[in-house]
file model28.cif (mmCIF, C-alpha atoms)
data_coords
loop_
_atom_site.label_atom_id
_atom_site.label_comp_id
_atom_site.auth_asym_id
_atom_site.auth_seq_id
_atom_site.Cartn_x
_atom_site.Cartn_y
_atom_site.Cartn_z
CA MET A 542 61.08 64.91 -76.30
CA ASN A 543 59.70 63.75 -72.96
CA LEU A 544 56.52 65.70 -73.68
CA VAL A 545 56.19 63.94 -77.06
CA GLY A 546 56.54 60.64 -75.20
CA LEU A 547 53.91 61.82 -72.70
CA ALA A 548 51.48 62.71 -75.51
CA ILE A 549 51.94 59.36 -77.29
CA SER A 550 51.55 57.42 -74.01
CA ALA A 551 48.41 59.42 -73.15
CA PHE A 552 46.82 58.67 -76.54
CA ILE A 553 47.59 54.95 -76.41
CA GLY A 554 46.50 54.73 -72.74
CA ARG A 555 43.26 56.60 -73.48
CA PHE A 556 42.51 54.26 -76.38
CA ALA A 557 43.23 51.20 -74.23
CA TYR A 558 40.88 52.58 -71.55
CA ALA A 559 38.15 53.13 -74.16
CA GLY A 560 38.65 49.48 -75.14
CA TYR A 561 38.36 48.35 -71.54
CA SER A 562 35.19 50.43 -71.09
CA ALA A 563 33.65 48.95 -74.23
CA ILE A 564 34.52 45.26 -73.98
CA ALA A 565 35.87 44.86 -70.41
CA SER A 566 39.03 43.03 -71.46
CA PRO A 567 41.53 42.59 -68.58
CA ASN A 568 44.49 42.92 -70.98
CA LEU A 569 43.21 46.32 -72.15
CA LEU A 570 42.95 47.39 -68.48
CA ARG A 571 46.58 46.33 -67.97
CA LEU A 572 47.60 48.32 -71.07
CA THR A 573 45.69 51.31 -69.65
CA PHE A 574 47.62 51.10 -66.36
CA ALA A 575 50.86 50.55 -68.29
CA PHE A 576 50.59 53.62 -70.50
CA ALA A 577 49.17 55.78 -67.69
CA SER A 578 52.20 54.85 -65.61
CA ILE A 579 54.60 55.44 -68.52
CA GLY A 580 52.94 58.82 -69.21
CA ILE A 581 53.26 59.82 -65.53
CA GLY A 582 56.91 58.78 -65.79
CA PHE A 583 57.49 61.07 -68.79
CA ALA A 584 55.76 63.95 -66.95
CA LEU A 585 57.96 63.44 -63.87
CA ILE A 586 61.15 63.22 -65.94
CA ALA A 587 60.22 66.38 -67.86
CA GLY A 588 59.36 68.15 -64.57
CA GLY A 589 62.58 66.95 -62.96
CA LEU A 590 64.66 68.61 -65.68
CA PHE A 591 63.26 72.01 -64.63
CA ILE A 592 64.12 71.62 -60.93
CA GLU A 593 67.27 73.51 -60.06
CA THR A 594 68.13 71.65 -56.83
CA ARG A 595 70.34 68.84 -58.10
CA ASP A 596 69.36 66.17 -55.55
CA LEU A 597 65.64 66.91 -55.81
CA SER A 598 65.85 66.90 -59.62
CA ARG A 599 67.64 63.54 -59.57
CA GLY A 600 65.01 62.15 -57.17
CA VAL A 601 62.09 63.28 -59.34
CA ILE A 602 63.73 61.86 -62.48
CA THR A 603 64.37 58.56 -60.67
CA ALA A 604 60.70 58.49 -59.56
CA GLY A 605 59.72 59.04 -63.22
CA LEU A 606 61.94 56.18 -64.33
CA GLY A 607 60.39 54.04 -61.58
CA ALA A 608 56.88 54.88 -62.82
CA GLN A 609 57.91 53.86 -66.34
CA ALA A 610 59.41 50.60 -65.03
CA VAL A 611 56.02 49.87 -63.38
CA GLY A 612 54.36 50.55 -66.76
CA TYR A 613 56.72 48.11 -68.50
CA LEU A 614 55.94 45.60 -65.74
CA PHE A 615 52.22 45.81 -66.55
CA ILE A 616 52.92 45.10 -70.24
CA ALA A 617 55.26 42.24 -69.30
CA PHE A 618 52.59 40.85 -66.94
CA SER A 619 50.03 40.86 -69.79
CA HIS A 620 52.44 38.78 -71.85
CA SER A 621 53.30 36.40 -69.04
CA ILE A 622 49.73 35.10 -68.76
CA LYS A 623 49.39 34.52 -72.49
CA THR A 624 49.76 31.15 -74.18
CA PHE A 625 51.25 30.52 -77.58
CA ASP A 626 50.10 28.06 -80.19
CA PHE A 627 53.76 27.31 -80.74
CA ALA A 628 56.62 27.17 -78.27
CA PRO A 629 59.27 29.89 -78.68
CA PRO A 630 62.82 28.52 -78.38
CA ARG A 631 63.60 27.97 -74.68
CA TYR A 632 66.84 29.92 -74.87
CA PHE A 633 64.77 33.11 -75.44
CA ALA A 634 63.89 33.04 -71.74
CA PHE A 635 67.55 33.01 -70.75
CA ILE A 636 68.61 36.08 -72.76
CA PRO A 637 67.50 38.65 -70.11
CA LEU A 638 68.87 36.46 -67.30
CA ALA A 639 72.20 35.98 -69.07
CA ILE A 640 72.81 39.70 -69.50
CA THR A 641 71.56 40.74 -66.05
CA PRO A 642 74.97 40.39 -64.29
CA PHE A 643 76.49 42.79 -66.82
CA ILE A 644 73.92 45.55 -66.51
CA ILE A 645 72.77 45.74 -62.87
CA PRO A 646 74.96 48.25 -61.07
CA GLY A 647 74.93 48.44 -57.30
CA ASN A 648 75.72 52.08 -56.77
CA SER A 649 72.70 54.00 -58.05
CA ILE A 650 68.94 53.59 -57.66
CA GLU A 651 68.44 55.37 -60.98
CA HIS A 652 70.58 52.89 -62.85
CA LEU A 653 69.10 49.96 -60.98
CA VAL A 654 65.64 51.10 -62.14
CA ARG A 655 66.96 51.49 -65.68
CA SER A 656 68.34 47.95 -65.52
CA ILE A 657 64.98 46.57 -64.42
CA SER A 658 63.25 48.52 -67.21
CA PHE A 659 65.78 47.15 -69.69
CA ILE A 660 65.16 43.54 -68.64
CA LEU A 661 61.37 44.00 -68.78
CA LEU A 662 61.56 45.68 -72.20
CA VAL A 663 63.80 42.95 -73.63
CA TYR A 664 61.30 40.36 -72.36
CA VAL A 665 58.27 42.23 -73.75
CA SER A 666 60.01 42.88 -77.06
CA ILE A 667 60.87 39.18 -77.47
CA GLU A 668 57.29 38.17 -76.57
CA THR A 669 55.86 40.66 -79.07
CA MET A 670 58.24 39.48 -81.79
CA ALA A 671 57.21 35.89 -81.01
CA SER A 672 53.59 36.99 -81.51
CA HIS A 673 54.63 38.49 -84.84
CA VAL A 674 56.09 35.12 -85.89
CA GLN A 675 52.68 33.63 -85.06
CA ASN A 676 50.34 36.22 -86.60
CA ARG A 677 52.60 37.93 -89.20
CA ARG A 678 51.03 41.33 -88.53
CA THR A 679 53.04 44.37 -89.59
CA SER A 680 51.63 46.34 -86.64
CA THR A 681 52.93 43.70 -84.19
CA LEU A 682 56.36 43.89 -85.85
CA MET A 683 56.38 47.69 -85.47
CA ILE A 684 55.35 47.59 -81.82
CA GLY A 685 57.88 44.85 -81.11
CA SER A 686 60.58 46.94 -82.81
CA GLY A 687 59.42 50.01 -80.85
CA LEU A 688 59.74 48.10 -77.59
CA GLY A 689 63.19 46.92 -78.72
CA LEU A 690 64.18 50.56 -79.31
CA LEU A 691 62.96 51.44 -75.79
CA ALA A 692 65.20 48.67 -74.43
CA LEU A 693 68.13 50.04 -76.47
CA ALA A 694 67.39 53.54 -75.10
CA GLU A 695 67.52 52.25 -71.52
CA LEU A 696 70.84 50.53 -72.27
CA MET A 697 72.26 53.72 -73.81
CA ALA A 698 71.01 55.79 -70.87
CA TRP A 699 72.81 53.39 -68.56
CA TYR A 700 75.93 53.63 -70.74
CA ASN A 701 75.73 57.37 -70.14
CA PHE A 702 76.67 56.48 -66.57
CA VAL A 703 80.04 55.24 -67.89
CA TYR A 704 80.60 58.16 -70.30
CA PRO A 705 78.56 61.05 -68.82
CA GLY A 706 76.91 63.41 -71.27
CA LEU A 707 77.70 61.37 -74.36
CA PHE A 708 74.60 59.22 -74.72
CA PHE A 709 71.91 61.02 -72.70
CA HIS A 710 70.26 62.96 -75.56
CA VAL A 711 70.70 60.08 -78.02
CA ALA A 712 69.00 57.78 -75.49
CA ILE A 713 66.02 60.14 -75.14
CA ALA A 714 65.79 60.46 -78.96
CA VAL A 715 65.86 56.65 -79.36
CA LYS A 716 63.22 56.33 -76.59
CA VAL A 717 60.85 58.78 -78.28
CA GLY A 718 61.62 57.04 -81.61
CA GLY A 719 60.53 53.77 -80.01
CA PHE A 720 57.27 55.31 -78.83
CA GLY A 721 56.83 56.86 -82.28
CA LEU A 722 57.20 53.42 -83.87
CA MET A 723 54.57 52.10 -81.44
CA PHE A 724 52.29 55.01 -82.32
CA VAL A 725 52.31 54.37 -86.11
CA PRO A 726 50.12 51.21 -86.05
CA PHE A 727 48.02 52.76 -83.29
CA SER A 728 47.32 55.87 -85.40
CA LYS A 729 45.39 53.80 -87.95
CA PHE A 730 42.66 53.29 -85.35
CA GLY A 731 42.02 57.05 -85.41
CA LEU A 732 42.86 59.51 -82.71
CA THR A 733 39.21 60.11 -81.80
CA SER A 734 38.12 56.46 -81.57
CA GLY A 735 36.91 55.67 -78.09
CA MET A 736 36.84 59.30 -77.04
CA PRO A 737 33.82 60.52 -75.04
CA GLY A 738 30.83 60.60 -77.37
CA GLY A 739 32.56 58.31 -79.88
CA SER A 740 30.71 55.29 -81.21
CA LEU A 741 33.03 52.84 -79.46
CA ASN A 742 32.66 54.33 -76.01
CA LYS A 743 30.84 52.21 -73.41
CA VAL A 744 29.09 50.00 -75.94
CA GLY A 745 28.63 46.85 -73.95
CA GLY A 746 30.66 46.74 -70.80
CA VAL A 747 30.02 42.98 -70.61
CA MET B 844 43.30 27.01 -78.04
CA TYR B 845 42.29 29.08 -74.99
CA ARG B 846 39.42 31.51 -75.63
CA THR B 847 38.69 34.45 -73.38
CA HIS B 848 35.20 35.20 -72.04
CA VAL B 849 34.82 38.24 -74.31
CA SER B 850 35.87 36.26 -77.40
CA ILE B 851 33.16 33.64 -76.65
CA ILE B 852 30.63 36.48 -76.31
CA ALA B 853 31.81 37.82 -79.68
CA ASP B 854 31.32 34.37 -81.22
CA ILE B 855 27.75 34.20 -79.83
CA LEU B 856 26.95 37.68 -81.14
CA SER B 857 28.55 36.95 -84.54
CA THR B 858 26.37 33.84 -84.88
CA ALA B 859 23.26 35.78 -83.87
CA LYS B 860 24.19 38.49 -86.39
CA GLN B 861 24.71 35.93 -89.15
CA TYR B 862 21.28 34.39 -88.51
CA SER B 863 19.60 37.77 -88.08
CA TYR B 864 20.69 39.50 -91.27
CA GLU B 865 22.87 37.53 -93.60
CA GLY B 866 20.27 35.49 -95.48
CA TYR B 867 18.68 34.01 -92.34
CA GLU B 868 16.09 36.55 -91.22
CA ASN B 869 14.55 34.50 -88.40
CA GLY B 870 17.37 34.58 -85.87
CA ALA B 871 19.62 31.89 -84.40
CA THR B 872 18.36 28.90 -82.45
CA VAL B 873 20.10 27.61 -79.31
CA THR B 874 21.54 24.78 -81.44
CA HIS B 875 23.06 27.30 -83.86
CA LEU B 876 24.66 29.20 -80.98
CA ILE B 877 26.01 26.05 -79.31
CA ARG B 878 27.46 24.77 -82.58
CA LYS B 879 29.08 28.02 -83.74
CA ALA B 880 30.15 29.40 -80.36
CA ASN B 881 31.28 25.94 -79.22
CA VAL B 882 30.16 26.21 -75.57
CA PRO B 883 28.15 23.78 -73.40
CA HIS B 884 24.38 24.33 -73.18
CA GLN B 885 24.40 25.28 -69.49
CA ARG B 886 27.13 27.88 -69.92
CA LEU B 887 25.51 29.23 -73.08
CA GLY B 888 22.22 29.70 -71.19
CA SER B 889 23.79 31.93 -68.56
CA MET B 890 25.79 33.89 -71.15
CA VAL B 891 22.76 34.45 -73.39
CA SER B 892 20.60 35.66 -70.49
CA HIS B 893 23.44 38.03 -69.48
CA LEU B 894 23.67 39.34 -73.05
CA MET B 895 19.91 39.85 -73.15
CA GLN B 896 20.04 41.78 -69.86
CA SER B 897 22.80 43.94 -71.36
CA GLY B 898 20.64 44.63 -74.42
CA LEU B 899 23.07 43.08 -76.90
CA LEU B 900 20.76 40.20 -77.83
CA TYR B 901 16.99 39.75 -77.81
CA GLU B 902 14.66 36.78 -78.08
CA ASP B 903 12.15 36.62 -80.93
CA SER B 904 9.84 33.57 -80.81
CA THR B 905 12.43 31.17 -79.29
CA LYS B 906 15.16 32.46 -81.63
CA TYR B 907 17.87 34.96 -80.80
CA ARG B 908 18.60 38.12 -82.79
CA ILE B 909 21.37 40.64 -82.35
CA SER B 910 20.38 44.20 -81.37
CA ASP B 911 21.85 47.44 -82.76
CA LYS B 912 23.83 47.74 -79.53
CA GLY B 913 25.13 44.22 -80.10
CA ILE B 914 26.32 45.17 -83.61
CA MET B 915 28.13 48.20 -82.15
CA PHE B 916 29.70 45.92 -79.54
CA LEU B 917 30.96 43.59 -82.27
CA GLN B 918 32.48 46.54 -84.19
CA ALA B 919 34.21 47.72 -81.01
CA TYR B 920 35.36 44.18 -80.25
CA HIS B 921 37.02 43.76 -83.66
CA GLU B 922 38.70 47.17 -83.45
CA PHE B 923 40.09 46.62 -79.94
CA LYS B 924 41.01 43.03 -80.81
CA ASN B 925 43.23 44.42 -83.58
CA PHE B 926 44.66 46.95 -81.13
CA ALA B 927 45.51 44.27 -78.52
CA GLU B 928 46.91 41.90 -81.16
CA SER B 929 49.26 44.67 -82.28
CA PHE B 930 50.83 44.31 -78.82
CA GLY B 931 50.84 40.53 -79.22
CA LEU B 932 47.97 40.23 -76.70
CA LYS B 933 44.49 38.75 -76.71
CA VAL B 934 41.41 40.72 -75.66
#

call {"tool": "encode", "arguments": {"input": "model28.cif", "output": "structure tokens"}}
result
Amino acid sequence: MNLVGLAISAFIGRFAYAGYSAIASPNLLRLTFAFASIGIGFALIAGGLFIETRDLSRGVITAGLGAQAVGYLFIAFSHSIKTFDFAPPRYFAFIPLAITPFIIPGNSIEHLVRSISFILLVYVSIETMASHVQNRRTSTLMIGSGLGLLALAELMAWYNFVYPGLFFHVAIAVKVGGFGLMFVPFSKFGLTSGMPGGSLNKVGGV
Amino acid sequence: MYRTHVSIIADILSTAKQYSYEGYENGATVTHLIRKANVPHQRLGSMVSHLMQSGLLYEDSTKYRISDKGIMFLQAYHEFKNFAESFGLKV
């Protein structure tokens, strides 16, 4: 499942990079960094599962989760410098802050990283849904829902800390489901668009 | 509403395309570009010269026409604009 996540992240990241090469948009560069980082995270998590030494395996998986948190940070950063034509309700901004005391544990770096990822994903999901309210695009709704599923997956993975073994596989399935939901609108652009030799590659670079 | 640099470039190229092919074969004047792209004359001048250096636009007897590369840029712009908007972002 981690490898499926890696493949989806690589495709979206590659497409975002093709967009940056063609039209030099800073937001597309941020999306490139985001999905590259998320893809590296999936690769590290998948690699960590094959390491037999328990501490080393845990360290590699935590590094993977950290890389994914950095990826979510890049997406969140892209949203934070955007302006809306309408003002979302102010209480939206307090939702992540209000739930932070309940989800940040102090005894594990892994779960601390998961908490940060969760907060970033909730923020990004709300921002994307707010964009959907503005533009009414189905693709925005699907990506917002996908990001919401990723946040749910992080919450379930953290809940696995309370009840070990119960939610781990469900959390990974929900996470890949979230990426799958994000991939559906992306797939309409065509998997080969922006690939080397494609018509959209390095058109202007303005 | 805030417009990014690349969206202003797309507006300039769209105007040049409109006046190059779509019933206006002579190309767009500076006045057309200023009116449709909604940018000051001084800023438009520097952007147009940059677009001409990049080969996206060319001058034809004091009027501006979009090049084939410019049309490809516009296609790419619209595709990646849709992609970014799916994430709730602007290009």

call {"tool": "atom_distance", "arguments": {"input": "model28.cif", "atom1": "CA of Gly718 in chain A", "atom2": "CA of Arg599 in chain A"}}
result
23.8 Å

call {"tool": "closest_atom_pairs", "arguments": {"input": "model28.cif", "of": "chain B", "to": "chain A", "cutoff": "6 Å", "atoms": "all atoms listed in the file", "output": "Markdown table"}}
result
| residue | atom | partner | partner_atom | distance |
| --- | --- | --- | --- | --- |
| B:Phe916 | CA | A:Val744 | CA | 5.5 |
| B:Ala919 | CA | A:Leu741 | CA | 5.5 |
| B:Phe923 | CA | A:Gly560 | CA | 5.8 |
| B:Ser929 | CA | A:Thr681 | CA | 4.2 |
| B:Phe930 | CA | A:Thr681 | CA | 5.8 |
| B:Gly931 | CA | A:Thr669 | CA | 5.0 |
| B:Val934 | CA | A:Ser566 | CA | 5.4 |

call {"tool": "atom_distance", "arguments": {"input": "model28.cif", "atom1": "CA of Leu590 in chain A", "atom2": "CA of Val715 in chain A"}}
result
18.2 Å

call {"tool": "resolve_selection", "arguments": {"input": "model28.cif", "expression": "the PyMOL selection byres ((chain A and resi 587) around 9)", "output": "list in words"}}
result
Met542, Asn543, Leu544, Gly582, Phe583, Ala584, Leu585, Ile586, Gly588, Gly589, Leu590, Phe591, Ile602 and Gly605 of chain A

call {"tool": "residues_around", "arguments": {"input": "model28.cif", "residues": "range 695-707 of chain A", "least_positions_apart": "2", "cutoff": "6 Å", "atoms": "only C-alpha atoms", "output": "VMD selection string"}}
result
chain A and resid 655 659 692 to 693 709 712

call {"tool": "atom_distance", "arguments": {"input": "model28.cif", "atom1": "CA of Gly612 in chain A", "atom2": "CA of Ser578 in chain A"}}
result
4.9 Å

call {"tool": "resolve_selection", "arguments": {"input": "model28.cif", "expression": "the PyMOL selection byres ((chain B and resi 860) around 12)", "output": "VMD selection string"}}
result
chain B and resid 853 to 859 861 to 872 875 to 876 879 899 to 901 906 to 918

call {"tool": "resolve_selection", "arguments": {"input": "model28.cif", "expression": "the PyMOL selection byres ((chain B and resi 890) around 12)", "output": "JSON, numbers by chain"}}
result
{"A": [747], "B": [848, 849, 851, 852, 853, 854, 855, 856, 873, 876, 877, 880, 882, 883, 884, 885, 886, 887, 888, 889, 891, 892, 893, 894, 895, 896, 897, 899, 900]}

call {"tool": "closest_residue", "arguments": {"input": "model28.cif", "among": "A:Gln609, A:Thr603, A:Ser686, A:Ser550", "to": "Ser658 in chain A", "atoms": "only C-alpha atoms"}}
result
A:Gln609
